[in-house]
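Student: One structure follows; several queries about it will come next.
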Amino acid sequence: MLCHKTPMKKIILVLLLLNYSFLSAQNVVNEEVSVKGNILLTEGIEIPKVNRGYTLWLPESENIKGLIVFTHSRRDTVNSDTIIDYALSKQLAIMYATTENRLEFFFNTERIQEIENYIHGVLIEHKIPRDNLLYCGMSLEGTRALKLAIYGQNEESKYKLTPRAVAICDSPLDMVRFHKEMIKAKELNYNPITAKEGNWVSGYLESNLGGAPKDALSAYINYSPYSYSAEENKNLLYLKKIAFRAYTEPDVNWWIETRRKDFYAMNAVDLAGIVNELKIIGNQQAELIITHDKGYYPDGTRHPHNWEIVDEKELVDWFIKMIE
């Protein structure tokens with residue numbers, strides 16, 4: 001969901017055995033394992049697996065201040081973009097790590113541990129301060145960022161990695177609300193994109209959380225980084241001391257006209273809820289950033305559910321303030 005445009009420096013590709021690749025340049029490392037096959041999301045809907053691994057950009061200085069982590073595939077090492085170039089200029093490394101599922105929900109703790117393994121390995125190998133982590137993500141990737149932050153403080157975590165900050169953009173957090181919204185989109189069938197999404201997301205949630213919320217409410221609440229339905233949002237306690245930003249562009253008229261969705265169907269509701277609850281429990285570094293008319297794809301197409309609403313340079317500057 002990010003657009004990468006700016007050319008980078010010399011890159012040398014070396015293919016190793018067993019479908020394992022390592023790519024190095026002055027500041028780029030790419031490690032991945034080739035994966036084949038499909039992932040079943042719900043009956044009749046499958047997606048191809050993607051190669052597992054990560055891509056890492058390193059600043060030229062050996063004194064690396066911190067690491068920015070995204071959890072989506074970013075294998076294009078020829079072209080960089082604003083956040084990569086600016087992060088490097090601030091002595092920050094930036095990493096894109098993936099499991100074999102590009103629509104990873106982290107239902108399985110083994111998949112979360114897989115990403116934590118990548119992060120830990122990079123921190124050790126490149127001597128990056130483990131306390132200076134920033135987890136980022138757009139949409140479901142933002143959900144993963146919070147799941148990863150919460151997991152790092154659980155007993156199951158092998159390395160106990162806790163980010164200094166998390167920044168997410170228009171991410172679904174309350175799976176009770178999200179499931180209801182997906183069912184409505186599927187049944188309404190107003191827009192083919194949202195109808196298909198509603199079908200696979202509702203089915204995927206049900207197959208992994210033990211049914212619909214009415215049958216497995218506790219599973220949905222426990223899985224959700226934040227849920228309005230919860231009497232006590234225990235997951236929020238893991239985020240109490242983590243600086244947090246949530247970006248959203250709640251253009252409700254656009255959603256009504258193009259998707260027949262209202263505020264209850266928008267992720268902005270979850271983001272406002274989590275920021276408010278974090279402040280209530282004492283996190284004064286929780287922020288809700290609302291933008292206006294910034295959600296456009298590079299070709300000019302309007303869509304407020306878009307990473308383009310994030311001021312990437314300002315985000316990096318904010319992170320620098322958090323770690324200095």
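Ordering of the structure tokens sets the chain letters (A, B, ...); residue numbers start at 1 within each chain; ligands are numbered from 1 in the order shown.
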Neighbouring residues of Glu312 in chain A were defined as those with any atom within 12 Å, considering only C-alpha atoms; residues of the same chain fewer than 3 positions away were excluded. Please report them as number ranges by chain.
Tutor: A: 2, 68, 81-87, 136-137, 167-169, 247, 307-309, 315-319
Student: Take the residues just selected and output them with N, CA and C atoms as a compact mmCIF listing (two decimals), in the first residue's frame.
Tutor:
```
# COMPACT_ATOMS: atom_id res chain seq x y z
N LEU A 2 2.15 1.08 -0.04
CA LEU A 2 3.03 2.22 -0.13
C LEU A 2 3.54 2.32 -1.55
N ILE A 68 12.46 1.10 12.21
CA ILE A 68 11.05 1.21 11.84
C ILE A 68 10.64 -0.10 11.18
N ASP A 81 11.57 5.43 -1.29
CA ASP A 81 10.52 6.44 -1.24
C ASP A 81 10.80 7.40 -0.10
N THR A 82 9.87 8.28 0.18
CA THR A 82 10.10 9.33 1.16
C THR A 82 10.47 8.78 2.52
N ILE A 83 9.69 7.83 3.03
CA ILE A 83 9.94 7.37 4.39
C ILE A 83 11.26 6.62 4.51
N ILE A 84 11.64 5.88 3.46
CA ILE A 84 12.92 5.18 3.49
C ILE A 84 14.07 6.18 3.47
N ASP A 85 14.06 7.08 2.52
CA ASP A 85 15.14 8.05 2.39
C ASP A 85 15.26 8.93 3.62
N TYR A 86 14.12 9.37 4.15
CA TYR A 86 14.15 10.28 5.29
C TYR A 86 14.58 9.54 6.56
N ALA A 87 14.11 8.33 6.73
CA ALA A 87 14.53 7.54 7.89
C ALA A 87 16.03 7.32 7.88
N CYS A 136 4.77 0.20 12.45
CA CYS A 136 3.87 1.00 11.61
C CYS A 136 2.95 0.09 10.80
N GLY A 137 1.87 0.66 10.28
CA GLY A 137 1.06 -0.13 9.38
C GLY A 137 -0.21 0.55 8.92
N ALA A 167 2.53 3.43 15.17
CA ALA A 167 1.75 4.36 14.35
C ALA A 167 0.94 3.56 13.34
N ILE A 168 -0.38 3.70 13.37
CA ILE A 168 -1.23 2.94 12.47
C ILE A 168 -2.13 3.88 11.68
N CYS A 169 -2.58 3.41 10.52
CA CYS A 169 -3.40 4.24 9.64
C CYS A 169 -4.68 3.50 9.26
N TYR A 247 -3.90 7.44 12.55
CA TYR A 247 -4.24 8.36 11.47
C TYR A 247 -5.54 7.91 10.81
N TRP A 307 -2.65 5.18 2.92
CA TRP A 307 -1.44 5.60 3.65
C TRP A 307 -0.99 6.99 3.23
N GLU A 308 -1.44 7.46 2.09
CA GLU A 308 -1.04 8.79 1.61
C GLU A 308 -1.46 9.90 2.57
N ILE A 309 -2.38 9.63 3.49
CA ILE A 309 -2.79 10.67 4.44
C ILE A 309 -1.73 10.92 5.50
N LEU A 315 6.14 11.95 10.68
CA LEU A 315 6.07 10.73 11.47
C LEU A 315 7.45 10.31 11.94
N VAL A 316 8.44 10.34 11.05
CA VAL A 316 9.81 9.99 11.41
C VAL A 316 10.34 10.97 12.46
N ASP A 317 10.06 12.25 12.30
CA ASP A 317 10.50 13.25 13.27
C ASP A 317 9.88 12.98 14.64
N TRP A 318 8.61 12.59 14.64
CA TRP A 318 7.93 12.25 15.90
C TRP A 318 8.62 11.07 16.58
N PHE A 319 8.96 10.08 15.80
CA PHE A 319 9.63 8.91 16.35
C PHE A 319 10.99 9.29 16.94
```
Student: Give me, as a list in words, all polymer residues having an atom no more than 8 Å from Gly198 in chain A, counting only C-alpha atoms and skipping those fewer than 4 positions away in the same chain.
Tutor: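 Contacts, with the query itself left out: Glu181, Met182, Ile183, Lys184, Ala185, Lys186, Thr194 and Ser202 of chain A.
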Student: Which neighbours of Phe107 in chain A fall inside 12 Å, counting only C-alpha atoms, when residues of the same chain fewer than 6 positions from it are skipped, and could you give them as a short mmCIF file (atom, residue, chain, number, x, y, z; two decimals) with C-alpha atoms, in the first residue's frame?
Tutor:
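Wrote it out as around.cif, contents follow:
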```
data_model
loop_
_atom_site.label_atom_id
_atom_site.label_comp_id
_atom_site.auth_asym_id
_atom_site.auth_seq_id
_atom_site.Cartn_x
_atom_site.Cartn_y
_atom_site.Cartn_z
CA ASN A 101 0.21 -14.64 4.07
CA GLN A 113 6.90 -15.20 16.54
CA THR A 143 -3.75 -4.25 13.35
CA ARG A 144 -0.71 -6.50 13.06
CA LYS A 147 -0.85 -7.40 17.85
CA LEU A 148 2.94 -7.58 17.62
CA TYR A 151 2.52 -10.17 21.93
CA TYR A 204 -11.97 -15.89 7.84
CA LEU A 205 -12.79 -14.43 11.25
CA GLU A 206 -15.40 -17.10 11.91
CA SER A 207 -13.13 -19.99 10.93
CA ASN A 208 -10.32 -18.74 13.17
CA LEU A 209 -12.26 -17.38 16.15
CA GLY A 210 -14.79 -20.16 16.64
CA ALA A 219 -12.55 -14.94 21.42
CA TYR A 220 -13.30 -11.83 19.37
CA ASN A 222 -9.43 -11.28 23.30
CA TYR A 223 -8.17 -11.13 19.74
CA SER A 224 -9.06 -7.44 19.25
#
```
Student: I'd like the interatomic distance between CA of Leu92 in chain A and CA of Lys127 in chain A, to a tenth of an Å.
Tutor: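 The value is 12.0 Å.
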Student: What is the distance between CA of Gly211 in chain A and CA of Asn191 in chain A, in Å to one decimal?
Tutor: 25.2 Å
Student: From a DSSP pass on the backbone, collect the residues of range 36-245 of chain A flagged as helix (DSSP H, G or I) and hand them back as an NGL selection string.
Tutor: :A and (82-89 or 109-125 or 140-151 or 175-188 or 192-209 or 217-223 or 234-239)
Student: Please report the interatomic distance between CA of Thr99 in chain A and CA of Val122 in chain A in Å with one decimal.
Tutor: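 Pair CA of Thr99 in chain A / CA of Val122 in chain A returns 16.0 Å.
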Student: Calculated over only C-alpha atoms, which of the candidates A:Tyr226, A:Lys65, A:Thr109, A:Glu114 has the smallest distance to Asp131 in chain A?
Tutor: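 Result for the nearest residue to Asp131 in chain A: A:Lys65.
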Student: Calculated over only C-alpha atoms, which of the candidates A:Ala212, A:Ala286, A:Leu103, A:Met138 has the smallest distance to Val310 in chain A?
Tutor: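 Ranking A:Ala212, A:Ala286, A:Leu103, A:Met138 by distance to Val310 in chain A, first place goes to A:Met138.
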Student: Output as a Markdown table one row per residue of range 44-110 of chain A within 6 Å of range 24-40 of chain A: the closest atom pair and its distance in Å to one decimal place, counting only C-alpha atoms, sorted by chain and residue number ascending.
Tutor:
```
| residue | atom | partner | partner_atom | distance |
| --- | --- | --- | --- | --- |
| A:Glu46 | CA | A:Leu40 | CA | 4.5 |
| A:Ile47 | CA | A:Ile39 | CA | 5.3 |
| A:Pro48 | CA | A:Asn38 | CA | 4.2 |
| A:Lys49 | CA | A:Asn38 | CA | 5.2 |
| A:Asn51 | CA | A:Ser34 | CA | 4.8 |
| A:Arg52 | CA | A:Val33 | CA | 5.3 |
| A:Gly53 | CA | A:Glu32 | CA | 4.0 |
| A:Tyr54 | CA | A:Glu31 | CA | 5.5 |
| A:Thr55 | CA | A:Asn30 | CA | 4.3 |
| A:Leu56 | CA | A:Val29 | CA | 5.0 |
| A:Trp57 | CA | A:Val28 | CA | 4.6 |
| A:Leu58 | CA | A:Asn27 | CA | 4.6 |
```
Student: Which is closest to Leu134 in chain A among A:Tyr297, A:His305, A:Thr42, A:Lys321, if we use only C-alpha atoms?
Tutor: A:Lys321
Student: When you look at Met266 in chain A with a cut-off of 10 Å (counting only C-alpha atoms), what residues show up, excluding the ones that are within fewer than 5 positions of it in the same chain? I need them as a list in words.
Tutor: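 Once the adjacent positions are removed, what remains is Asp170, Ser171, Pro172, Arg177, Phe178, Glu181, Thr248, Glu249, Pro250, Asp251, Val252, Trp255, Lys261, Leu271 and His305 of chain A.
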Student: Neighbouring residues of Ile150 in chain A were defined as those with any atom within 10 Å, considering only C-alpha atoms; residues of the same chain fewer than 2 positions away were excluded. Please report them as a list in words.
Tutor: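 These residues fall inside the cut-off: Arg144, Ala145, Leu146, Lys147, Leu148, Gly152, Gln153, Asn154, Ser157, Lys160, Leu161, Thr162, Pro163, Pro225, Asn235, Leu236, Leu237, Tyr238 and Leu239 of chain A.
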Student: Can you list every residue in range 264-317 of chain A that DSSP puts in strand (DSSP E or B), as a PDB file with C-alpha atoms, in the first residue's frame?
Tutor:
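Result saved to part.pdb:
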```pdb
ATOM      1  CA  ALA A 286      -1.712   8.636  22.478  1.00  0.00           C
ATOM      2  CA  GLU A 287      -2.835  10.777  19.538  1.00  0.00           C
ATOM      3  CA  LEU A 288      -5.646  10.678  16.994  1.00  0.00           C
ATOM      4  CA  ILE A 289      -4.619  12.461  13.805  1.00  0.00           C
ATOM      5  CA  ILE A 290      -7.544  13.364  11.547  1.00  0.00           C
ATOM      6  CA  TYR A 296      -5.605  10.073  -3.029  1.00  0.00           C
ATOM      7  CA  ARG A 302      -9.837   9.485  -4.393  1.00  0.00           C
TER       8      ARG A 302
END
```
